[in-house]
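Participant: Got protein_31.tsv for you, TSV, C-alpha atoms:
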```tsv
chain	number	residue	atom	x	y	z
A	1	MET	CA	4.15	-13.15	35.41
A	2	GLN	CA	4.17	-10.03	33.25
A	3	LYS	CA	1.32	-7.67	34.06
A	4	ILE	CA	-0.09	-5.48	31.33
A	5	LEU	CA	-2.51	-2.57	31.47
A	6	ILE	CA	-4.81	-2.53	28.47
A	7	THR	CA	-6.85	0.63	28.05
A	8	GLY	CA	-10.12	0.55	26.14
A	9	GLY	CA	-10.18	-3.22	26.06
A	10	ALA	CA	-13.98	-3.39	25.81
A	11	GLY	CA	-13.94	-1.61	22.45
A	12	PHE	CA	-13.86	-3.31	19.07
A	13	ILE	CA	-10.14	-3.99	18.60
A	14	GLY	CA	-9.38	-4.42	22.31
A	15	ALA	CA	-12.18	-6.96	22.78
A	16	ASN	CA	-10.69	-9.03	19.96
A	17	PHE	CA	-7.12	-8.57	21.17
A	18	ILE	CA	-7.57	-9.60	24.82
A	19	PRO	CA	-8.91	-13.15	24.16
A	20	TYR	CA	-6.39	-13.56	21.34
A	21	PHE	CA	-3.48	-12.48	23.54
A	22	LEU	CA	-4.46	-14.49	26.61
A	23	LYS	CA	-4.83	-17.61	24.50
A	24	ASN	CA	-1.25	-17.21	23.25
A	25	ASN	CA	0.31	-15.89	26.47
A	26	SER	CA	-0.69	-17.79	29.60
A	27	ASP	CA	2.20	-16.18	31.52
A	28	HIS	CA	0.70	-12.69	31.19
A	29	TYR	CA	-1.90	-10.98	33.40
A	30	ILE	CA	-4.15	-8.32	31.90
A	31	VAL	CA	-5.98	-5.49	33.62
A	32	ASN	CA	-8.54	-3.97	31.25
A	33	LEU	CA	-9.35	-0.34	32.09
A	34	ASP	CA	-12.41	0.90	30.21
A	35	LEU	CA	-15.00	3.56	30.95
A	36	LEU	CA	-17.70	1.61	29.07
A	37	THR	CA	-18.97	4.49	27.01
A	38	TYR	CA	-21.42	3.64	24.22
A	39	ALA	CA	-18.59	1.96	22.25
A	40	GLY	CA	-17.54	-0.46	25.01
A	41	ASP	CA	-19.39	-3.73	25.54
A	42	LEU	CA	-18.42	-6.33	28.15
A	43	GLN	CA	-20.52	-8.93	26.33
A	44	ASN	CA	-17.69	-9.01	23.80
A	45	LEU	CA	-15.37	-10.24	26.56
A	46	GLU	CA	-17.56	-12.98	28.07
A	47	GLU	CA	-15.08	-15.62	26.89
A	48	VAL	CA	-12.40	-14.27	29.26
A	49	GLU	CA	-14.41	-12.84	32.15
A	50	ASN	CA	-13.62	-15.90	34.32
A	51	ASN	CA	-10.01	-16.19	33.20
A	52	GLU	CA	-7.74	-16.02	36.26
A	53	ASN	CA	-5.26	-13.93	34.26
A	54	TYR	CA	-7.81	-11.22	33.46
A	55	ASN	CA	-9.33	-8.40	35.49
A	56	PHE	CA	-11.72	-5.66	34.38
A	57	VAL	CA	-11.73	-2.20	35.96
A	58	LYS	CA	-14.34	0.37	34.98
A	59	GLY	CA	-12.77	3.80	34.90
A	60	ASP	CA	-11.60	6.81	32.92
A	61	ILE	CA	-8.05	7.04	31.57
A	62	CYS	CA	-8.20	10.77	32.34
A	63	ASN	CA	-8.54	9.96	36.07
A	64	ARG	CA	-4.90	10.26	37.05
A	65	LYS	CA	-5.36	9.00	40.61
A	66	LEU	CA	-7.10	5.86	39.37
A	67	VAL	CA	-4.35	5.16	36.84
A	68	GLU	CA	-1.66	5.77	39.46
A	69	ASP	CA	-3.41	3.49	41.94
A	70	LEU	CA	-3.61	0.71	39.34
A	71	PHE	CA	0.11	1.02	38.58
A	72	LYS	CA	0.92	0.86	42.30
A	73	GLU	CA	-1.34	-2.14	42.87
A	74	HIS	CA	-0.33	-4.22	39.88
A	75	GLN	CA	3.20	-2.98	39.09
A	76	PHE	CA	2.56	-3.07	35.35
A	77	ASN	CA	5.53	-3.58	33.08
A	78	GLY	CA	3.55	-3.08	29.91
A	79	VAL	CA	0.78	-0.85	28.54
A	80	ILE	CA	-1.18	-1.40	25.35
A	81	HIS	CA	-3.18	1.76	24.80
A	82	PHE	CA	-6.33	1.23	22.72
A	83	ALA	CA	-8.65	3.68	24.48
A	84	ALA	CA	-9.84	6.37	22.09
A	85	GLU	CA	-12.87	8.05	20.65
A	86	SER	CA	-12.76	6.88	17.05
A	87	HIS	CA	-15.85	7.73	15.00
A	88	VAL	CA	-15.17	10.56	12.56
A	89	ASP	CA	-18.81	11.66	12.32
A	90	ASN	CA	-18.97	12.00	16.10
A	91	SER	CA	-15.77	14.06	16.10
A	92	ILE	CA	-17.35	16.49	13.66
A	93	LYS	CA	-20.44	16.89	15.85
A	94	ASN	CA	-18.70	16.79	19.25
A	95	PRO	CA	-14.91	17.28	19.06
A	96	ASP	CA	-14.61	17.98	22.81
A	97	ALA	CA	-14.78	14.30	23.75
A	98	PHE	CA	-12.00	13.49	21.29
A	99	ILE	CA	-9.66	16.11	22.74
A	100	LYS	CA	-10.35	14.88	26.26
A	101	THR	CA	-9.91	11.15	25.67
A	102	ASN	CA	-7.44	10.96	22.81
A	103	ILE	CA	-5.08	13.72	23.93
A	104	ASN	CA	-5.54	14.26	27.66
A	105	GLY	CA	-6.20	10.58	28.34
A	106	THR	CA	-3.14	9.46	26.40
A	107	PHE	CA	-1.01	12.00	28.25
A	108	THR	CA	-2.28	10.77	31.62
A	109	VAL	CA	-1.50	7.08	31.00
A	110	LEU	CA	1.80	7.90	29.31
A	111	ASP	CA	2.96	10.20	32.09
A	112	VAL	CA	1.96	7.82	34.88
A	113	ALA	CA	3.85	5.01	33.13
A	114	LYS	CA	6.93	7.21	32.80
A	115	ASN	CA	6.85	8.23	36.46
A	116	HIS	CA	6.34	4.64	37.60
A	117	TRP	CA	9.01	3.04	35.43
A	118	LEU	CA	11.77	5.66	35.47
A	119	ASP	CA	13.74	7.14	38.35
A	120	SER	CA	14.42	10.84	38.93
A	121	SER	CA	17.25	10.74	36.39
A	122	ASN	CA	14.96	9.24	33.75
A	123	ASN	CA	16.70	5.88	33.89
A	124	TYR	CA	14.66	2.70	34.03
A	125	LYS	CA	14.25	1.22	37.48
A	126	GLU	CA	15.65	-2.31	37.64
A	127	ALA	CA	12.22	-3.92	38.10
A	128	PHE	CA	10.92	-2.22	34.94
A	129	LYS	CA	13.93	-2.32	32.64
A	130	ASN	CA	11.90	-4.13	29.95
A	131	ALA	CA	8.67	-2.16	30.40
A	132	ARG	CA	7.01	-0.93	27.21
A	133	PHE	CA	4.22	1.47	26.21
A	134	HIS	CA	2.46	0.46	22.98
A	135	HIS	CA	0.26	3.14	21.42
A	136	ILE	CA	-2.45	2.09	18.95
A	137	SER	CA	-3.12	4.72	16.27
A	138	THR	CA	-4.61	5.15	12.81
A	139	ASP	CA	-3.62	5.83	9.21
A	140	GLU	CA	-5.97	8.82	9.22
A	141	VAL	CA	-3.22	10.94	10.81
A	142	TYR	CA	-1.57	11.04	7.37
A	143	GLY	CA	-4.52	12.78	5.71
A	144	THR	CA	-5.71	11.68	2.30
A	145	LEU	CA	-4.20	10.13	-0.82
A	146	GLY	CA	-4.93	10.61	-4.50
A	147	GLU	CA	-5.48	7.69	-6.81
A	148	GLU	CA	-1.89	6.49	-6.37
A	149	GLY	CA	0.66	6.13	-3.59
A	150	LEU	CA	0.73	4.57	-0.13
A	151	PHE	CA	1.15	5.84	3.42
A	152	THR	CA	4.54	4.90	4.85
A	153	GLU	CA	6.02	5.55	8.27
A	154	GLU	CA	7.76	8.57	6.71
A	155	THR	CA	4.58	10.18	5.33
A	156	PRO	CA	4.11	13.68	6.84
A	157	TYR	CA	1.12	14.05	9.13
A	158	ALA	CA	-1.82	15.97	7.66
A	159	PRO	CA	-4.97	15.13	9.69
A	160	ASN	CA	-8.23	16.41	8.23
A	161	SER	CA	-10.83	15.76	10.96
A	162	PRO	CA	-11.00	16.48	14.69
A	163	TYR	CA	-10.65	12.71	15.21
A	164	SER	CA	-7.48	12.34	13.16
A	165	ALA	CA	-6.06	15.57	14.59
A	166	SER	CA	-6.55	14.26	18.13
A	167	LYS	CA	-4.89	10.96	17.22
A	168	ALA	CA	-1.99	12.80	15.57
A	169	SER	CA	-1.57	14.80	18.78
A	170	SER	CA	-1.46	11.60	20.84
A	171	ASP	CA	1.12	10.11	18.46
A	172	PHE	CA	3.31	13.17	18.94
A	173	LEU	CA	3.01	12.92	22.72
A	174	VAL	CA	4.17	9.30	22.62
A	175	ARG	CA	7.03	10.23	20.29
A	176	SER	CA	8.09	13.05	22.60
A	177	TYR	CA	8.29	10.75	25.62
A	178	PHE	CA	10.72	8.54	23.73
A	179	HIS	CA	12.95	11.37	22.57
A	180	THR	CA	12.80	13.37	25.81
A	181	TYR	CA	12.73	10.66	28.48
A	182	ARG	CA	13.84	7.59	26.45
A	183	LEU	CA	10.61	5.86	27.43
A	184	ASN	CA	10.36	2.51	25.66
A	185	VAL	CA	7.45	3.21	23.32
A	186	VAL	CA	6.22	1.75	20.06
A	187	THR	CA	3.36	3.02	17.89
A	188	THR	CA	1.29	1.17	15.32
A	189	ASN	CA	-0.84	3.02	12.76
A	190	CYS	CA	-3.48	0.79	11.22
A	191	SER	CA	-5.85	0.99	8.29
A	192	ASN	CA	-9.63	0.46	8.59
A	193	ASN	CA	-10.37	-2.57	10.75
A	194	TYR	CA	-13.37	-4.84	10.27
A	195	GLY	CA	-14.56	-8.09	11.79
A	196	PRO	CA	-16.55	-9.44	14.75
A	197	LYS	CA	-17.51	-7.21	17.68
A	198	GLN	CA	-17.38	-3.90	15.81
A	199	HIS	CA	-19.83	-1.24	16.97
A	200	GLN	CA	-22.97	-0.94	14.86
A	201	GLU	CA	-22.24	2.69	13.93
A	202	LYS	CA	-19.31	1.73	11.66
A	203	LEU	CA	-19.66	1.18	7.92
A	204	ILE	CA	-19.66	-2.61	7.61
A	205	PRO	CA	-21.94	-3.33	10.61
A	206	THR	CA	-24.26	-0.56	9.37
A	207	ILE	CA	-24.52	-2.15	5.93
A	208	ILE	CA	-25.28	-5.59	7.41
A	209	ARG	CA	-27.74	-4.24	9.99
A	210	LYS	CA	-29.63	-2.01	7.54
A	211	ALA	CA	-29.79	-4.72	4.90
A	212	ILE	CA	-31.29	-7.30	7.28
A	213	ALA	CA	-33.76	-4.74	8.64
A	214	GLY	CA	-34.98	-3.90	5.13
A	215	GLU	CA	-33.86	-0.28	5.50
A	216	ASP	CA	-31.95	2.01	3.15
A	217	ILE	CA	-28.21	1.29	3.18
A	218	PRO	CA	-26.63	4.77	3.32
A	219	ILE	CA	-23.45	5.39	1.32
A	220	TYR	CA	-21.75	8.79	1.46
A	221	GLY	CA	-21.43	10.81	-1.75
A	222	ASP	CA	-20.84	8.66	-4.82
A	223	GLY	CA	-19.41	5.74	-2.84
A	224	LYS	CA	-16.00	6.01	-4.51
A	225	ASN	CA	-13.99	6.80	-1.36
A	226	ILE	CA	-11.35	4.11	-0.91
A	227	ARG	CA	-10.11	2.44	2.27
A	228	ASP	CA	-7.58	-0.31	2.96
A	229	TRP	CA	-9.43	-2.98	4.95
A	230	LEU	CA	-7.67	-4.96	7.69
A	231	TYR	CA	-9.27	-7.97	9.38
A	232	VAL	CA	-9.20	-7.36	13.11
A	233	LEU	CA	-7.46	-10.62	14.09
A	234	ASP	CA	-4.68	-9.92	11.60
A	235	HIS	CA	-4.31	-6.59	13.37
A	236	CYS	CA	-4.21	-8.34	16.75
A	237	ASN	CA	-1.30	-10.44	15.53
A	238	ALA	CA	0.53	-7.31	14.39
A	239	ILE	CA	-0.03	-5.65	17.78
A	240	GLU	CA	1.36	-8.66	19.63
A	241	LEU	CA	4.45	-8.72	17.41
A	242	ALA	CA	5.08	-4.99	17.74
A	243	PHE	CA	4.59	-5.09	21.52
A	244	LYS	CA	7.03	-7.97	21.92
A	245	LYS	CA	9.55	-7.42	19.13
A	246	GLY	CA	9.20	-3.85	17.88
A	247	LYS	CA	12.17	-1.52	18.16
A	248	ALA	CA	11.84	1.18	20.83
A	249	GLY	CA	10.77	4.53	19.42
A	250	GLU	CA	9.66	3.06	16.10
A	251	THR	CA	6.36	3.31	14.26
A	252	TYR	CA	4.90	0.42	12.27
A	253	ASN	CA	2.13	0.79	9.72
A	254	VAL	CA	-0.34	-2.11	9.57
A	255	GLY	CA	-2.56	-2.56	6.53
A	256	GLY	CA	-4.57	-5.35	4.94
A	257	ASN	CA	-3.61	-4.70	1.31
A	258	ASN	CA	-7.34	-4.72	0.56
A	259	GLU	CA	-8.20	-1.42	-1.12
A	260	HIS	CA	-11.88	-1.08	-1.96
A	261	THR	CA	-14.42	1.66	-2.48
A	262	ASN	CA	-17.28	2.01	-0.04
A	263	LEU	CA	-19.67	1.09	-2.84
A	264	PHE	CA	-17.72	-2.11	-3.53
A	265	ILE	CA	-17.97	-2.98	0.17
A	266	ALA	CA	-21.73	-2.47	0.15
A	267	ASN	CA	-22.22	-4.49	-3.04
A	268	SER	CA	-20.00	-7.31	-1.76
A	269	ILE	CA	-21.90	-7.60	1.52
A	270	CYS	CA	-25.24	-7.54	-0.29
A	271	ALA	CA	-24.10	-10.25	-2.69
A	272	ILE	CA	-23.08	-12.54	0.19
A	273	LEU	CA	-26.34	-11.85	2.05
A	274	ASP	CA	-28.26	-12.66	-1.13
A	275	LYS	CA	-26.74	-16.16	-0.92
A	276	VAL	CA	-26.72	-16.88	2.81
A	277	TYR	CA	-29.90	-15.03	3.86
A	278	PRO	CA	-31.89	-14.38	0.65
A	279	ASN	CA	-34.70	-11.87	0.48
A	280	LYS	CA	-37.39	-11.47	-2.18
A	281	ASN	CA	-35.28	-8.78	-3.84
A	282	SER	CA	-31.51	-8.33	-3.86
A	283	TYR	CA	-30.22	-6.34	-0.91
A	284	LYS	CA	-28.36	-4.18	-3.43
A	285	GLN	CA	-31.66	-2.44	-4.18
A	286	GLN	CA	-31.50	-0.93	-0.67
A	287	ILE	CA	-28.25	0.96	-1.36
A	288	THR	CA	-28.91	4.70	-1.17
A	289	PHE	CA	-26.50	7.57	-1.72
A	290	VAL	CA	-26.60	10.31	0.92
A	291	LYS	CA	-24.95	13.71	1.36
A	292	ASP	CA	-21.20	13.35	1.71
A	293	ARG	CA	-19.49	13.74	5.06
A	294	LEU	CA	-17.68	16.99	5.84
A	295	GLY	CA	-13.96	16.76	5.07
A	296	HIS	CA	-14.34	13.22	3.72
A	297	ASP	CA	-10.86	11.91	2.83
A	298	PHE	CA	-10.77	10.30	-0.61
A	299	ARG	CA	-8.37	7.42	-0.13
A	300	TYR	CA	-6.28	5.68	2.53
A	301	ALA	CA	-3.78	2.94	1.72
A	302	ILE	CA	-0.99	1.48	3.86
A	303	ASP	CA	2.47	0.29	2.94
A	304	ALA	CA	2.99	-2.46	5.54
A	305	SER	CA	6.37	-3.59	4.23
A	306	LYS	CA	8.27	-2.40	7.32
A	307	ILE	CA	6.37	-4.57	9.82
A	308	GLU	CA	6.43	-7.45	7.34
A	309	ARG	CA	10.18	-7.14	6.83
A	310	GLU	CA	11.30	-6.37	10.39
A	311	LEU	CA	8.80	-8.32	12.50
A	312	GLY	CA	7.68	-11.05	10.12
A	313	TRP	CA	4.01	-10.03	10.12
A	314	LYS	CA	1.69	-10.89	7.26
A	315	ALA	CA	-2.08	-10.53	6.93
A	316	VAL	CA	-3.78	-13.94	6.70
A	317	GLU	CA	-7.27	-12.90	5.60
A	318	ASN	CA	-8.08	-11.51	2.18
A	319	PHE	CA	-11.19	-9.36	2.00
A	320	GLN	CA	-13.48	-12.11	0.73
A	321	SER	CA	-12.60	-14.56	3.50
A	322	GLY	CA	-12.66	-11.88	6.18
A	323	ILE	CA	-15.99	-10.36	5.16
A	324	GLU	CA	-17.65	-13.79	5.02
A	325	LYS	CA	-16.52	-14.52	8.60
A	326	THR	CA	-17.72	-11.08	9.67
A	327	ILE	CA	-21.17	-11.47	8.12
A	328	HIS	CA	-21.69	-14.91	9.68
A	329	TRP	CA	-20.68	-13.51	13.09
A	330	TYR	CA	-23.27	-10.71	12.84
A	331	LEU	CA	-25.99	-13.04	11.59
A	332	LYS	CA	-25.35	-15.27	14.60
A	333	LYS	CA	-25.48	-12.23	16.90
A	334	LEU	CA	-28.81	-11.28	15.34
A	335	ASN	CA	-30.05	-14.87	15.87
A	336	ILE	CA	-30.34	-15.44	12.14
```
Would you mind giving the structure from this file in structure tokens?

Facilitator:
Amino acid sequence: MQKILITGGAGFIGANFIPYFLKNNSDHYIVNLDLLTYAGDLQNLEEVENNENYNFVKGDICNRKLVEDLFKEHQFNGVIHFAAESHVDNSIKNPDAFIKTNINGTFTVLDVAKNHWLDSSNNYKEAFKNARFHHISTDEVYGTLGEEGLFTEETPYAPNSPYSASKASSDFLVRSYFHTYRLNVVTTNCSNNYGPKQHQEKLIPTIIRKAIAGEDIPIYGDGKNIRDWLYVLDHCNAIELAFKKGKAGETYNVGGNNEHTNLFIANSICAILDKVYPNKNSYKQQITFVKDRLGHDFRYAIDASKIERELGWKAVENFQSGIEKTIHWYLKKLNI
């Protein structure tokens, strides 16, 4: 049985990935290491908490002794590294936490994996010859786009926030361990995820939550900032493929091919809510424009042709189908 360490598995993407992966891979055992900060929620993993192939450990990825002890106990031959501080606004207010988790934490897990899997000559030990470290990253490391163009795996890094700078740093650490030690690593850089289990601070849950509560729906600036939206379970499929089939040392960009402005997102959600949970007035009347975020990147868009071509991945959900599923999930969570 292959044993995998998943870091940050109680967060949004991890909590979708673990049930998805265990359902498809009954011959794998997962240890989920998560500190359960505000962004982690074990309620999102209730469907697997009694699964005999799953174990949760509360702890900090920066705690080297803990990570080393887990490697010794379980003899992991795979790591999928989700754990990260990820909210841009929080990185502007408190960048310290992003440096600690995203850079120091990544280094700790990466270095422990290297020391456990490789011998003193930096050759793989026989028991770990197929071991792999999969690093989950973001398209924000590439900076911002104008009205045209797409991020590719060859796009130079140009991070514009403490969050994206910390993720860029972690990407470079992972890259360096491949080129220096020949550690079997793969990195995926994804566009904006959405779907069930996302923390309420993010854009789409905020729009849904504020609309239902009858509160102003805040949209930064003029609402024309553009993101490429990726349904979280499509992302989970891409992660599984890259972990199993990706070429060592390679980076794969994962995008949903769903470019929309923030204002379009808000209007779309309000239009669906008007149908499925109607109010006296349209929810669109609650949309309010607020002061723009510092260093707000104008546009992100992913060219996912490499992962489509090399690994056979393809997004299943378009934005309309994905956002309808997302809204119904949140309404159920809110007992509506």

Participant: Calculate how many Å separate atom CA of Lys197 of chain A from atom CA of Ile6 of chain A, rounding to one decimal.

Facilitator: 17.3 Å

Participant: As a PDB file with C-alpha atoms, in the coordinates of the input, please: the residues near Asp89 of chain A (cut-off 10 Å, all atoms listed in the file, same-chain neighbours under 4 positions excluded).

Facilitator:
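So selection.pdb came out as:
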```pdb
ATOM      1  CA  LYS A  93     -20.440  16.890  15.850  1.00  0.00           C
ATOM      2  CA  ASN A  94     -18.700  16.790  19.250  1.00  0.00           C
ATOM      3  CA  PRO A  95     -14.910  17.280  19.060  1.00  0.00           C
ATOM      4  CA  SER A 161     -10.830  15.760  10.960  1.00  0.00           C
ATOM      5  CA  PRO A 162     -11.000  16.480  14.690  1.00  0.00           C
ATOM      6  CA  TYR A 163     -10.650  12.710  15.210  1.00  0.00           C
ATOM      7  CA  GLU A 201     -22.240   2.690  13.930  1.00  0.00           C
ATOM      8  CA  LYS A 202     -19.310   1.730  11.660  1.00  0.00           C
ATOM      9  CA  ARG A 293     -19.490  13.740   5.060  1.00  0.00           C
ATOM     10  CA  LEU A 294     -17.680  16.990   5.840  1.00  0.00           C
ATOM     11  CA  HIS A 296     -14.340  13.220   3.720  1.00  0.00           C
TER      12      HIS A 296
END
```

Participant: Hey, can you pull every residue with an atom no more than 9 Å from (10.2, -2.2, 37.3), using only C-alpha atoms, and send it as a PyMOL selection string?

Facilitator: chain A and resi 75-77+116-118+124-131

Participant: Can you tell me which residues surround Ile208 of chain A at a distance of at most 10 Å, considering all atoms listed in the file, apart from same-chain residues fewer than 3 positions away, and format the answer as a VMD selection string?

Facilitator: chain A and resid 200 203 to 205 211 to 213 217 266 269 to 270 273 283 326 to 327 330 to 331

Participant: Could you build a table of the residues in segment 41-89 of chain A lying no more than 7 Å from segment 17-29 of chain A, giving for each the nearest pair of atoms and their separation in Å rounded to one decimal place, using only C-alpha atoms, ordered by chain and ascending residue number, as CSV?

Facilitator:
```
residue,atom,partner,partner_atom,distance
A:Val48,CA,A:Pro19,CA,6.3
A:Asn53,CA,A:Tyr29,CA,4.6
A:Tyr54,CA,A:Tyr29,CA,5.9
```
